[in-house]
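> After the structure tokens below, expect a handful of questions from me.
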Amino acid sequence: MSDADRDGVRCMVLRGGTSKGAFFLADDVPSDPAARDDLMLRIMGSPDPAQIDGLGGAHPLTSKVAVVSRSDRADIDVDYLFLQVGIAEATVGTLQTCGNLLAAVGPFAIERGLLEADGEQTRVRIRLLNTGDVADARFATPGGRVDYRGDAAIDGVPGTAAPIELEVRGEGGVLPTGRISEELDGHRVTLIDNGMPVVLLDAAEFGVDGDEAPEELEGRGDLATAIERVRLAAADLLGVTDAATATVPKMLLLSAPRHGGAISTRAFIPSRVHTAIGVLMAASVAAGIRIPGAVGHDLADLPADDGAPLGIEHPSGVFPARVRVQQDADGVWTASSSSLRTARKIFDGTVYPRPAASAAAPTPSREDPR
């Protein structure tokens, strides 16, 4: 057996936002992408719908991995590579990042000694390797240690925890095709990327009211088929390779708000329906509905103050997304976003992967952005 099979791999499990993942130092996992992906499949227990033989929780929100390292850039503290591990399929995706797990990257870096805490509050500058974006995370570190206790509450997570402030800065425009809207498979759509490539759809065009539970929407085979046709067409425009197995773009059904927010959402990610909404999905939705002519703009209840947070309603509550959108002199729409998340350290120790001989070979992911 390999050393990892026999001796295990150092691992920390943290909740970040409304997701949960296994966190690793880059030095503790193979640098070769194929070997790394094979190891992660065996650690998470994939492929298996129950992931009974690994750490995965049988849902995309709990089948996630973060690989963190010191950055070689002078203006960045740590690099963060996100891996979306397939559940029933032996896939490991790197086309997207995860803004929820991002909330736990800074605390993990301090826990592992990559950085030292800086007084009562520490700022960590993070490069998101999957997308090239840069994020700032600020969180409490009294006495030089991360403090997860606090009174901040986020919808989709029970209880309270210490607040973590995230600010994500992208480069370039947020409309990948340069068009505010277009027609795909007979539906009017908006393709937008403010940290996460998403497709904005009018829920009514798909026979969806917008207040359905995720399980109800997942049970509608006709709906899933219709949305997948649009997703594949959008993926082609976005240049996504292996679109059938890729985890992006995410598909957002939008409807008028019902609970005092700006817009109501149901997110296909892409086959399961999110029980809440991802941080960067919310940021992309918030940016999109602020652009006149984009899908969802006319459905939204927008505050007069462009800097006010937008309540993005989702199945578990409301996500407050603070996004600034502007159009430059060349007509290009740009945006930046900030949000409040929480995180919690759940487990720290050694994880033992399923032996290699009993694991299926992974479907190759795209080239490692590192």
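Each chain of the structure tokens is named A, B, ... in the order shown, its residues numbered from 1; ligands are numbered from 1 in display order.
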Neighbouring residues of range 201-210 of chain A were defined as those with any atom within 8 Å, considering only C-alpha atoms; residues of the same chain fewer than 4 positions away were excluded. Please report them as a list in words.
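Residues meeting the cut-off are His187, Arg188, Val189, Thr190, Leu223, Ala226, Met251, Leu252, Leu253, Leu254, Ser255, Ala256, Ser264, Thr265, Arg266, Val295 and Gly296 of chain A.
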> Would you mind listing what lies within 7 Å of range 121-130 of chain A as a list in words, with only C-alpha atoms counted and same-chain residues fewer than 2 positions away left out?
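In the requested form, the answer reads Ile76, Asp77, Val78, Asp79, Tyr80, Leu81, Phe82, Thr94, Leu95, Gln96, Thr97, Gly106, Ala117, Asp118, Gly119, Gly132, Asp133, Val134, Ala135, Asp136, Ala137, Arg138, Phe139, Ala140, Thr141, Pro142, Pro369 and Arg370 of chain A.
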> Run DSSP on the backbone and tell me which residues of range 3-126 of chain A come out as alpha helix (DSSP H); list them as number ranges by chain.
A: 3-7, 33-44, 99-111
> When distances are computed from only C-alpha atoms, which of A:Pro214, A:Gly260, A:Gly45, A:Gly172 shows the smallest separation from Ala335 in chain A?
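Checking each candidate against Ala335 in chain A, we get A:Gly172 as the closest.
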> Using only C-alpha atoms, which protein or nucleic acid residues come within 10 Å of Ser46 in chain A? Drop anything in the same chain fewer than 6 positions from it, and give the result as JSON, numbers by chain.
{"A": [38, 40, 52, 53, 54, 55, 56, 58, 63, 85, 86, 87, 88, 89, 90, 91, 92, 354, 359, 360, 362]}
> Write the residues of the preceding selection, restricted to N, CA, C and O atoms, as an mmCIF file, in the first residue's frame.

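Dumped everything to selection01.cif:
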data_model
loop_
_atom_site.group_PDB
_atom_site.id
_atom_site.type_symbol
_atom_site.label_atom_id
_atom_site.label_comp_id
_atom_site.auth_asym_id
_atom_site.auth_seq_id
_atom_site.Cartn_x
_atom_site.Cartn_y
_atom_site.Cartn_z
ATOM 1 N N ASP A 38 -7.568 10.903 -7.404
ATOM 2 C CA ASP A 38 -7.806 9.512 -7.000
ATOM 3 C C ASP A 38 -7.842 9.397 -5.479
ATOM 4 O O ASP A 38 -8.717 8.723 -4.911
ATOM 5 N N MET A 40 -8.601 11.755 -3.305
ATOM 6 C CA MET A 40 -9.791 12.412 -2.756
ATOM 7 C C MET A 40 -11.047 11.571 -2.951
ATOM 8 O O MET A 40 -11.925 11.530 -2.080
ATOM 9 N N ILE A 52 -20.700 5.727 1.819
ATOM 10 C CA ILE A 52 -20.691 5.067 3.119
ATOM 11 C C ILE A 52 -19.282 4.720 3.576
ATOM 12 O O ILE A 52 -19.029 4.557 4.777
ATOM 13 N N ASP A 53 -18.330 4.650 2.619
ATOM 14 C CA ASP A 53 -16.986 4.221 2.973
ATOM 15 C C ASP A 53 -15.991 5.385 3.009
ATOM 16 O O ASP A 53 -14.796 5.191 2.836
ATOM 17 N N GLY A 54 -16.526 6.609 3.259
ATOM 18 C CA GLY A 54 -15.633 7.757 3.302
ATOM 19 C C GLY A 54 -16.246 8.920 4.053
ATOM 20 O O GLY A 54 -17.276 8.792 4.722
ATOM 21 N N LEU A 55 -15.622 10.086 3.949
ATOM 22 C CA LEU A 55 -16.060 11.263 4.689
ATOM 23 C C LEU A 55 -17.255 11.968 4.073
ATOM 24 O O LEU A 55 -17.902 12.781 4.727
ATOM 25 N N GLY A 56 -17.538 11.716 2.797
ATOM 26 C CA GLY A 56 -18.605 12.437 2.117
ATOM 27 C C GLY A 56 -19.962 12.230 2.764
ATOM 28 O O GLY A 56 -20.232 11.174 3.345
ATOM 29 N N ALA A 58 -22.964 12.362 1.105
ATOM 30 C CA ALA A 58 -23.982 11.964 0.129
ATOM 31 C C ALA A 58 -24.776 13.142 -0.425
ATOM 32 O O ALA A 58 -25.911 12.995 -0.841
ATOM 33 N N SER A 63 -19.705 17.089 -0.022
ATOM 34 C CA SER A 63 -18.709 16.290 -0.740
ATOM 35 C C SER A 63 -17.693 17.247 -1.364
ATOM 36 O O SER A 63 -17.459 17.246 -2.566
ATOM 37 N N VAL A 85 -16.071 16.961 -5.287
ATOM 38 C CA VAL A 85 -15.956 15.516 -5.478
ATOM 39 C C VAL A 85 -17.321 14.929 -5.816
ATOM 40 O O VAL A 85 -18.304 15.165 -5.106
ATOM 41 N N GLY A 86 -17.371 14.184 -6.916
ATOM 42 C CA GLY A 86 -18.614 13.530 -7.295
ATOM 43 C C GLY A 86 -19.046 12.525 -6.249
ATOM 44 O O GLY A 86 -18.245 12.066 -5.425
ATOM 45 N N ILE A 87 -20.314 12.197 -6.282
ATOM 46 C CA ILE A 87 -20.854 11.258 -5.286
ATOM 47 C C ILE A 87 -21.055 9.881 -5.924
ATOM 48 O O ILE A 87 -20.332 8.944 -5.625
ATOM 49 N N ALA A 88 -22.023 9.762 -6.814
ATOM 50 C CA ALA A 88 -22.260 8.484 -7.487
ATOM 51 C C ALA A 88 -21.302 8.271 -8.648
ATOM 52 O O ALA A 88 -21.165 7.153 -9.146
ATOM 53 N N GLU A 89 -20.637 9.344 -9.098
ATOM 54 C CA GLU A 89 -19.678 9.244 -10.195
ATOM 55 C C GLU A 89 -18.276 9.542 -9.676
ATOM 56 O O GLU A 89 -18.103 10.338 -8.756
ATOM 57 N N ALA A 90 -17.295 8.937 -10.328
ATOM 58 C CA ALA A 90 -15.899 9.150 -9.937
ATOM 59 C C ALA A 90 -15.354 10.394 -10.633
ATOM 60 O O ALA A 90 -14.520 10.321 -11.535
ATOM 61 N N THR A 91 -15.833 11.559 -10.217
ATOM 62 C CA THR A 91 -15.411 12.818 -10.818
ATOM 63 C C THR A 91 -14.874 13.754 -9.739
ATOM 64 O O THR A 91 -15.333 13.729 -8.590
ATOM 65 N N VAL A 92 -13.908 14.577 -10.123
ATOM 66 C CA VAL A 92 -13.388 15.622 -9.256
ATOM 67 C C VAL A 92 -13.304 16.890 -10.095
ATOM 68 O O VAL A 92 -12.521 16.962 -11.037
ATOM 69 N N ARG A 354 -9.893 4.785 1.397
ATOM 70 C CA ARG A 354 -10.197 3.437 0.964
ATOM 71 C C ARG A 354 -9.009 2.925 0.156
ATOM 72 O O ARG A 354 -8.421 3.670 -0.642
ATOM 73 N N ALA A 359 -10.927 1.085 -5.402
ATOM 74 C CA ALA A 359 -11.517 2.348 -5.827
ATOM 75 C C ALA A 359 -11.528 2.454 -7.341
ATOM 76 O O ALA A 359 -10.607 2.013 -8.019
ATOM 77 N N ALA A 360 -12.590 3.053 -7.877
ATOM 78 C CA ALA A 360 -12.670 3.264 -9.314
ATOM 79 C C ALA A 360 -11.766 4.409 -9.725
ATOM 80 O O ALA A 360 -11.530 5.338 -8.963
ATOM 81 N N PRO A 362 -10.692 7.845 -11.345
ATOM 82 C CA PRO A 362 -11.470 9.071 -11.497
ATOM 83 C C PRO A 362 -11.604 9.494 -12.942
ATOM 84 O O PRO A 362 -10.747 9.204 -13.773
#
> Step one, run DSSP on the backbone; step two, keep only residues of range 13-53 of chain A assigned to strand (DSSP E); then write them as a ChimeraX atom specification.
/A:13-16,19-25
> List as a list in words the protein and nucleic acid residues near Ala308 in chain A, meaning an atom at most 10 Å away when only C-alpha atoms are counted, but skip any in the same chain fewer than 3 places from it.
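The contact residues come out as Leu302, Pro303, Ala304, Asp305, Gly311, Pro320, Ala321, Arg322, Val323 and Arg324 of chain A.
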> A:Ala224, A:Val285, A:Val157, A:Ala104: which is nearest Leu191 in chain A, counting only C-alpha atoms?
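Closest residue, counting only C-alpha atoms: A:Val285.
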> What is the distance, in Å and to one decimal place, between CA of Gly307 in chain A and CA of Thr177 in chain A?
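CA of Thr177 in chain A lies at a distance of 25.7 Å from CA of Gly307 in chain A.
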> For a quick check of understanding, using only C-alpha atoms, which of A:Leu101, A:Ile43, A:Leu25, A:Ala50 has the smallest distance to Val68 in chain A?
A:Leu25
> Could you pull the residues within 12 Å of Arg6 in chain A, counting only C-alpha atoms, minus those fewer than 3 positions along the same chain, as an MDAnalysis selection string?
chainID A and resid 1:3 9 350:356
